[in-house]
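First up is the structure itself, then whatever we jot down about it.
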Amino acid sequence: MTLAAFVDEAATVSGAAELRGAASTVAFDRVSVAYRGAVVLKPLTLEVAAGEILAMIGPSGSGKTTALRAVAGFVRPAGGRIRIGGADVTDLPPYARGLAMVVQNYALFPHMRVFDNVAFGLHARHAPKALIEERVAHALEVVGMSQYARRLPRELSGGQQQRVAIARALAVRPKVLLLDEPLSALDAQIRRSMVEEIARLHAELPDLTILYVTHDQSEALTLADRIAILRDGALSAVGRTGDLYRRPPNRFSAEFLGRANLLPVVVESAADGSGLVAVRAGEERLVVAGADEPAGAARLLCVRPQNLTLAPDAAHANRIAGVLREIHWQGELTHLVAEVGGALLRVVATRLPTIPARGERLEMFFSPADASLIAEDADV
């Protein structure tokens, strides 16, 4: 059986049969959640396209896991509706929603072998024995764990256990896969490997919609088609991963996703249709990407540390000078912090021939296309 057939085969297991025929979209329609009168998720409206990976990130307590658990059916919304494949599932139990969930602690049964752990959801749905054997075999094959079917969880590494947990989720043929910080319990090297595994899995199962909650920004940037940033229970920003990273809409998303440099500037001349705007930072005149910016407006210039260079060239037309305050050498990368008019700018430099000294004047260059403008009061 091909991987496409693995996903597209008509459901024969009871529960969610009606939902399984619909597209695997997920929609939050003004969904709010409260615990004992305290609102932890403010009315959230957000749509996830079929086959998309949407990463939900934010600080602790931002509401991202609560939103995921509301989709799973483990949390009852105080208001609003949740739709999967266009069908309202708000009042349905978890097993009838056509989805599966993987959490950070694997949740494998220690007394069951790998095969039985993967088969558990199918047994709970009273699937025929032949179907169970077929689906478990294919799920283990998808995650590269076929040869470990007879092992107990304690005989596996953390990364292997998480693969088994994902296989168990896939075995029930979900149209939506919910991942709640699935890699946070793993060490850095295994995490990187598992990110690659999840990316490969989605490439082979392109119809599978994934909602991925993580506190690790690199995971979100690597895996997600789009990213939703939550703050204090509300949606702060959402957009395609590259767009959100290059053009954050507000200060919080700029600082939270990728730790951008923010420098106060004043718009010197209004946009002229070229897509570029002249701004002034102290005595420096800079040209950055922007549109509909009125002359005299106070803005924050946003530029990523890796988009600043210490070597002038034609492509990096903007120059700004500061005083070097910190140096952190990390092999091929050197992290520098310079003070510019009271603001701190971070630079990530590669293979510097010489390391400048603290207190030295530091000139930094960047391309107009690598910077954007944010309204100072754009908090949400």
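Chain identifiers are assigned as A, B, and so on, following the order in which chains appear in the structure tokens; residues are numbered from 1 within each chain, and ligands are numbered from 1 in order of appearance.
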
Worksheet item: Out of region 84-316 of chain A, which residues get strand (DSSP E) from DSSP, as number ranges by chain?
Response: A: 84, 87-88, 99-103, 176-180, 209-213, 226-231, 234-240, 261-269, 276-281, 284-289, 298-303

Worksheet item: Skipping near chain neighbours, those fewer than 6 positions away, what residues fall within 9 Å of Pro182 (chain A) using only C-alpha atoms, listed as a PyMOL selection string?
Response: chain A and resi 102-106+162+212-214

Keeping only N, CA and C atoms, write the selected residues as a short mmCIF file (atom, residue, chain, number, x, y, z; two decimals), in the first residue's frame.
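The result, written out as part.cif:
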data_model
loop_
_atom_site.label_atom_id
_atom_site.label_comp_id
_atom_site.auth_asym_id
_atom_site.auth_seq_id
_atom_site.Cartn_x
_atom_site.Cartn_y
_atom_site.Cartn_z
N VAL A 102 -0.28 14.06 19.90
CA VAL A 102 0.98 13.58 20.46
C VAL A 102 1.47 14.64 21.44
N VAL A 103 1.81 14.22 22.66
CA VAL A 103 2.24 15.15 23.70
C VAL A 103 3.72 14.95 23.98
N GLN A 104 4.28 15.79 24.86
CA GLN A 104 5.72 15.81 25.05
C GLN A 104 6.24 14.62 25.84
N ASN A 105 5.43 13.98 26.64
CA ASN A 105 5.94 12.89 27.49
C ASN A 105 5.66 11.51 26.91
N TYR A 106 5.39 11.45 25.61
CA TYR A 106 5.20 10.21 24.85
C TYR A 106 3.91 9.47 25.23
N GLN A 162 9.33 8.73 20.85
CA GLN A 162 8.46 9.74 20.25
C GLN A 162 8.01 9.31 18.86
N TYR A 212 0.87 22.49 15.43
CA TYR A 212 2.11 22.21 16.16
C TYR A 212 2.33 23.29 17.20
N VAL A 213 2.20 22.93 18.48
CA VAL A 213 2.48 23.87 19.56
C VAL A 213 3.91 23.66 20.02
N THR A 214 4.68 24.73 20.07
CA THR A 214 6.07 24.61 20.49
C THR A 214 6.53 25.91 21.13
#

Discussion item. Measuring between only C-alpha atoms, which one of A:Ile84, A:Ala220, A:Val40, A:Leu152 shows the shortest distance to Ala72 (chain A)?
Written reply: A:Ile84

Worksheet item: If you count only C-alpha atoms, which residues fall within 7 Å of Val279 (chain A), apart from same-chain ones fewer than 3 positions away, as JSON, numbers by chain?
Response: {"A": [265, 266, 267, 268, 285, 286, 287]}

Discussion item. Would you pick out the contacts of region 61-67 of chain A at 8 Å or less, using only C-alpha atoms, so that residues sharing its chain but fewer than 4 positions from it are not included, and give the list as a ChimeraX atom specification?
Written reply: /A:33,40-41,56-57,71,75,180,213,230-234

Selected residues written out with N, CA and C atoms, as an mmCIF file, in the first residue's frame:
data_model
loop_
_atom_site.group_PDB
_atom_site.id
_atom_site.type_symbol
_atom_site.label_atom_id
_atom_site.label_comp_id
_atom_site.auth_asym_id
_atom_site.auth_seq_id
_atom_site.Cartn_x
_atom_site.Cartn_y
_atom_site.Cartn_z
ATOM 1 N N VAL A 33 -11.812 30.315 26.156
ATOM 2 C CA VAL A 33 -11.759 29.303 27.210
ATOM 3 C C VAL A 33 -11.526 30.013 28.540
ATOM 4 N N VAL A 40 -8.484 32.343 29.867
ATOM 5 C CA VAL A 40 -7.123 31.967 29.485
ATOM 6 C C VAL A 40 -6.941 31.979 27.972
ATOM 7 N N LEU A 41 -8.058 31.963 27.241
ATOM 8 C CA LEU A 41 -8.002 32.111 25.785
ATOM 9 C C LEU A 41 -9.107 33.076 25.388
ATOM 10 N N MET A 56 1.868 27.089 16.521
ATOM 11 C CA MET A 56 1.367 28.059 17.483
ATOM 12 C C MET A 56 2.452 28.254 18.528
ATOM 13 N N ILE A 57 2.956 29.488 18.634
ATOM 14 C CA ILE A 57 4.023 29.783 19.574
ATOM 15 C C ILE A 57 3.615 30.947 20.458
ATOM 16 N N VAL A 71 -9.298 22.105 20.449
ATOM 17 C CA VAL A 71 -9.514 21.386 19.191
ATOM 18 C C VAL A 71 -9.631 19.891 19.450
ATOM 19 N N VAL A 75 -10.808 20.308 26.297
ATOM 20 C CA VAL A 75 -11.201 21.541 26.972
ATOM 21 C C VAL A 75 -12.490 22.033 26.338
ATOM 22 N N ASP A 180 1.695 18.640 20.670
ATOM 23 C CA ASP A 180 1.829 19.560 21.798
ATOM 24 C C ASP A 180 3.243 19.464 22.376
ATOM 25 N N VAL A 213 2.198 22.934 18.477
ATOM 26 C CA VAL A 213 2.476 23.868 19.564
ATOM 27 C C VAL A 213 3.913 23.659 20.025
ATOM 28 N N LEU A 230 0.781 33.810 19.930
ATOM 29 C CA LEU A 230 -0.194 34.176 20.952
ATOM 30 C C LEU A 230 0.489 34.903 22.101
ATOM 31 N N ARG A 231 -0.264 35.797 22.717
ATOM 32 C CA ARG A 231 0.249 36.569 23.851
ATOM 33 C C ARG A 231 -0.898 36.877 24.792
ATOM 34 N N ASP A 232 -0.739 36.502 26.055
ATOM 35 C CA ASP A 232 -1.768 36.774 27.073
ATOM 36 C C ASP A 232 -3.148 36.300 26.641
ATOM 37 N N GLY A 233 -3.195 35.117 26.005
ATOM 38 C CA GLY A 233 -4.464 34.528 25.628
ATOM 39 C C GLY A 233 -5.076 35.065 24.355
ATOM 40 N N ALA A 234 -4.356 35.926 23.646
ATOM 41 C CA ALA A 234 -4.897 36.527 22.426
ATOM 42 C C ALA A 234 -3.933 36.320 21.271
#

Item to complete: Can you work out which one of A:Arg358, A:His202, A:Arg304, A:Arg346 has the shortest atom-to-atom distance to Leu177 (chain A), counting only C-alpha atoms?
Response: A:His202

Response to the item:
Expressed in Å, the length from CA of Ala203 (chain A) to CA of Leu108 (chain A) is 25.7 Å

Discussion item. Which residues are near Leu310 (chain A)? Cut-off 8 Å, only C-alpha atoms, ignore same chain within fewer than 6 positions. Put them as a ChimeraX atom specification.
Written reply: /A:349,362-365

Worksheet entry | All residues 9 Å or closer to Leu300 (chain A), only C-alpha atoms, same chain fewer than 4 positions away omitted, as a PyMOL selection string | chain A and resi 251+262-266+372-376

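Shortest separation to Gln189 (chain A) among A:Gly158, A:Gly275, A:Gly144, A:Gly296 occurs at residue A:Gly158, atoms counted being only C-alpha atoms.
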
Worksheet item: Which residues in region 112-346 of chain A does DSSP call helix (DSSP H, G or I)? List them as an NGL selection string.
Response: :A and (114-124 or 129-142 or 146-148 or 153-155 or 158-171 or 188-204 or 217-223 or 241-246 or 251-256 or 305-307)

Tell me which protein, DNA and RNA residues are within 10 Å of region 324-332 of chain A, counting only C-alpha atoms, leaving out same-chain ones fewer than 3 positions away, and put them as a PDB file with N, CA and C atoms, in the first residue's frame.
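Result file is selection-v8.pdb:
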ATOM      1  N   ALA A 321      26.459  53.383  12.620  1.00  0.00           N
ATOM      2  CA  ALA A 321      27.628  53.203  13.474  1.00  0.00           C
ATOM      3  C   ALA A 321      27.225  53.191  14.937  1.00  0.00           C
ATOM      4  N   HIS A 335      28.787  36.650  17.957  1.00  0.00           N
ATOM      5  CA  HIS A 335      27.651  37.507  18.284  1.00  0.00           C
ATOM      6  C   HIS A 335      28.186  38.802  18.890  1.00  0.00           C
ATOM      7  N   LEU A 336      27.838  39.909  18.271  1.00  0.00           N
ATOM      8  CA  LEU A 336      28.284  41.221  18.711  1.00  0.00           C
ATOM      9  C   LEU A 336      27.077  42.053  19.128  1.00  0.00           C
ATOM     10  N   VAL A 337      27.255  42.877  20.151  1.00  0.00           N
ATOM     11  CA  VAL A 337      26.202  43.798  20.588  1.00  0.00           C
ATOM     12  C   VAL A 337      26.785  45.206  20.579  1.00  0.00           C
ATOM     13  N   ALA A 338      26.152  46.077  19.796  1.00  0.00           N
ATOM     14  CA  ALA A 338      26.615  47.459  19.687  1.00  0.00           C
ATOM     15  C   ALA A 338      25.534  48.405  20.188  1.00  0.00           C
ATOM     16  N   GLU A 339      25.982  49.491  20.808  1.00  0.00           N
ATOM     17  CA  GLU A 339      25.044  50.523  21.275  1.00  0.00           C
ATOM     18  C   GLU A 339      24.952  51.626  20.231  1.00  0.00           C
ATOM     19  N   VAL A 340      23.721  51.906  19.822  1.00  0.00           N
ATOM     20  CA  VAL A 340      23.474  52.948  18.818  1.00  0.00           C
ATOM     21  C   VAL A 340      22.418  53.892  19.374  1.00  0.00           C
ATOM     22  N   LEU A 344      20.358  48.909  21.635  1.00  0.00           N
ATOM     23  CA  LEU A 344      21.335  47.853  21.437  1.00  0.00           C
ATOM     24  C   LEU A 344      21.010  47.083  20.158  1.00  0.00           C
ATOM     25  N   LEU A 345      21.984  46.969  19.273  1.00  0.00           N
ATOM     26  CA  LEU A 345      21.827  46.206  18.045  1.00  0.00           C
ATOM     27  C   LEU A 345      22.720  44.984  18.100  1.00  0.00           C
ATOM     28  N   ARG A 346      22.138  43.833  17.763  1.00  0.00           N
ATOM     29  CA  ARG A 346      22.883  42.575  17.764  1.00  0.00           C
ATOM     30  C   ARG A 346      23.268  42.205  16.340  1.00  0.00           C
ATOM     31  N   VAL A 347      24.492  41.736  16.188  1.00  0.00           N
ATOM     32  CA  VAL A 347      25.011  41.315  14.892  1.00  0.00           C
ATOM     33  C   VAL A 347      25.493  39.881  15.013  1.00  0.00           C
ATOM     34  N   VAL A 348      25.129  39.041  14.053  1.00  0.00           N
ATOM     35  CA  VAL A 348      25.666  37.689  13.973  1.00  0.00           C
ATOM     36  C   VAL A 348      26.610  37.660  12.776  1.00  0.00           C
ATOM     37  N   ALA A 349      27.908  37.591  13.049  1.00  0.00           N
ATOM     38  CA  ALA A 349      28.920  37.632  12.000  1.00  0.00           C
ATOM     39  C   ALA A 349      29.546  36.256  11.820  1.00  0.00           C
ATOM     40  N   THR A 350      29.938  35.946  10.600  1.00  0.00           N
ATOM     41  CA  THR A 350      30.564  34.659  10.302  1.00  0.00           C
ATOM     42  C   THR A 350      32.018  34.864   9.901  1.00  0.00           C
ATOM     43  N   ARG A 351      32.886  34.032  10.473  1.00  0.00           N
ATOM     44  CA  ARG A 351      34.296  33.983  10.099  1.00  0.00           C
ATOM     45  C   ARG A 351      34.946  35.369  10.046  1.00  0.00           C
ATOM     46  N   LEU A 352      34.881  36.080  11.151  1.00  0.00           N
ATOM     47  CA  LEU A 352      35.537  37.383  11.205  1.00  0.00           C
ATOM     48  C   LEU A 352      37.058  37.206  11.160  1.00  0.00           C
ATOM     49  N   ILE A 355      38.718  39.945  15.571  1.00  0.00           N
ATOM     50  CA  ILE A 355      37.636  40.251  16.502  1.00  0.00           C
ATOM     51  C   ILE A 355      37.845  41.651  17.038  1.00  0.00           C
ATOM     52  N   PRO A 356      36.897  42.563  16.819  1.00  0.00           N
ATOM     53  CA  PRO A 356      37.055  43.911  17.367  1.00  0.00           C
ATOM     54  C   PRO A 356      37.014  43.888  18.885  1.00  0.00           C
ATOM     55  N   ALA A 357      37.517  44.953  19.479  1.00  0.00           N
ATOM     56  CA  ALA A 357      37.579  45.040  20.937  1.00  0.00           C
ATOM     57  C   ALA A 357      36.394  45.821  21.476  1.00  0.00           C
ATOM     58  N   ARG A 358      36.000  45.506  22.693  1.00  0.00           N
ATOM     59  CA  ARG A 358      34.926  46.266  23.343  1.00  0.00           C
ATOM     60  C   ARG A 358      35.305  47.735  23.420  1.00  0.00           C
ATOM     61  N   GLY A 359      34.317  48.582  23.188  1.00  0.00           N
ATOM     62  CA  GLY A 359      34.545  50.019  23.213  1.00  0.00           C
ATOM     63  C   GLY A 359      34.928  50.609  21.882  1.00  0.00           C
ATOM     64  N   GLU A 360      35.249  49.768  20.898  1.00  0.00           N
ATOM     65  CA  GLU A 360      35.603  50.258  19.574  1.00  0.00           C
ATOM     66  C   GLU A 360      34.364  50.729  18.820  1.00  0.00           C
ATOM     67  N   ARG A 361      34.575  51.640  17.886  1.00  0.00           N
ATOM     68  CA  ARG A 361      33.502  52.053  16.985  1.00  0.00           C
ATOM     69  C   ARG A 361      33.225  50.891  16.028  1.00  0.00           C
ATOM     70  N   LEU A 362      31.956  50.602  15.831  1.00  0.00           N
ATOM     71  CA  LEU A 362      31.572  49.482  14.967  1.00  0.00           C
ATOM     72  C   LEU A 362      30.616  49.988  13.893  1.00  0.00           C
ATOM     73  N   GLU A 363      30.986  49.803  12.636  1.00  0.00           N
ATOM     74  CA  GLU A 363      30.115  50.168  11.530  1.00  0.00           C
ATOM     75  C   GLU A 363      29.386  48.929  11.035  1.00  0.00           C
TER      76      GLU A 363
END

Please tabulate, as a tab-separated table, the residues of region 52-150 of chain A that come within 12 Å of region 193-198 of chain A, each with its closest pair of atoms and the distance in Å to one decimal, counting only C-alpha atoms and ordering rows by chain, then residue number upward.
residue	atom	partner	partner_atom	distance
A:Ile53	CA	A:Ile198	CA	10.5
A:Val142	CA	A:Glu197	CA	9.9
A:Val143	CA	A:Glu197	CA	7.7
A:Gly144	CA	A:Glu197	CA	9.4
A:Met145	CA	A:Glu197	CA	12.0

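For the choices A:Ser60, A:Ile210, A:His126, A:Glu284, the atom-to-atom distance to Ala100 (chain A) is smallest for A:Ile210 when using only C-alpha atoms.
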
Discussion item. Between CA of Leu46 (chain A) and CA of Glu181 (chain A), what is the distance in Å, rounded to a tenth?
Written reply: 19.9 Å

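Using only C-alpha atoms, the shortest contact distance between Ala291 (chain A) and any of A:Ala50, A:Arg81, A:Arg97, A:Val277 is found at A:Val277.
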